[in-house]
Amino acid sequence: MSYATSLMRQGVLIQTTEHLLSTLYSFAIDNVYIEIDNLEVPILDGSGKPFVDLLRASGVRTLRRKRKYLRIRRPVKVEDGMKRISIIPANAFRLTCEIDFPRPIGNSHRDGSNS
């Protein structure tokens with residue numbers, strides 16, 4: 001069973017994107033070009049810290065181009081066994097996450113928004 005986040009577009013699959021994506025989100029980066037020469041994002045130390053360090057060292061710039069937004073018009077839900085994800089139309093961004101693993105990890109719930 002895999003818990004890694006994978007992305008696919010036009011038949012190209014990139015795996016273990018979760019630490020890089022969460023780091024980009026924490027920096028409010030929503031437009032980035034990343035070159036990867038393998039099937040997965042390097043795991044490095046298993047956290048997002050190496051990506052944080054690289055972004056702080058390289059810097060981030062604001063683009064003048066107007067942002068394009070994806071509008072969710074109807075609920076979307078995907079399930080695979082005990083794993084599920086859903087996207088629900090809303091006027092503001094809100095993310096709710098819950099995990100439920102056996103001990104010692106256990107159950108954790110986070111809810112937040114940027115509005």
# chains A, B, ... in the order shown; residues from 1 in each chain; ligands from 1
>>> residues_around(residues="stretch 19-21 of chain A", least_positions_apart="5", cutoff="7 Å", atoms="only C-alpha atoms", output="MDAnalysis selection string")
chainID A and resid 47:48 51
>>> write_last_selection(atoms="N, CA, C and O atoms", output="tab-separated table (two decimals), in the first residue's frame")
chain	number	residue	atom	x	y	z
A	47	SER	N	11.61	15.00	4.79
A	47	SER	CA	10.77	16.13	5.19
A	47	SER	C	10.80	17.18	4.09
A	47	SER	O	11.47	17.03	3.08
A	48	GLY	N	10.12	18.29	4.31
A	48	GLY	CA	10.14	19.40	3.37
A	48	GLY	C	11.28	20.37	3.62
A	48	GLY	O	11.51	21.29	2.84
A	51	PHE	N	13.71	21.45	0.86
A	51	PHE	CA	13.06	22.31	-0.12
A	51	PHE	C	12.89	23.73	0.43
A	51	PHE	O	13.06	24.71	-0.29
>>> select_by_dssp(residues="stretch 42-108 of chain A", states="alpha helix (DSSP H)", output="list of chain:residue names")
A:Lys49, A:Pro50, A:Phe51, A:Val52, A:Asp53, A:Leu54, A:Leu55, A:Arg56, A:Ala57, A:Ser58
>>> atom_distance(atom1="atom CA of A:Arg61", atom2="atom CA of A:Lys49")
19.9 Å
>>> residues_around(residues="stretch 13-18 of chain A", least_positions_apart="2", cutoff="10 Å", atoms="only C-alpha atoms", output="PyMOL selection string")
chain A and resi 2-11+20-24+36-43+47-48
>>> atom_distance(atom1="atom CA of A:Asp100", atom2="atom CA of A:Arg84")
12.1 Å
>>> select_by_dssp(residues="chain A", states="strand (DSSP E or B)", output="JSON, numbers by chain")
{"A": [7, 8, 9, 12, 13, 14, 15, 40, 76, 77, 78, 79, 80, 83, 84, 85, 86, 87, 94, 95, 96, 97, 98, 99, 100, 107, 108, 109, 110, 111, 112, 113]}
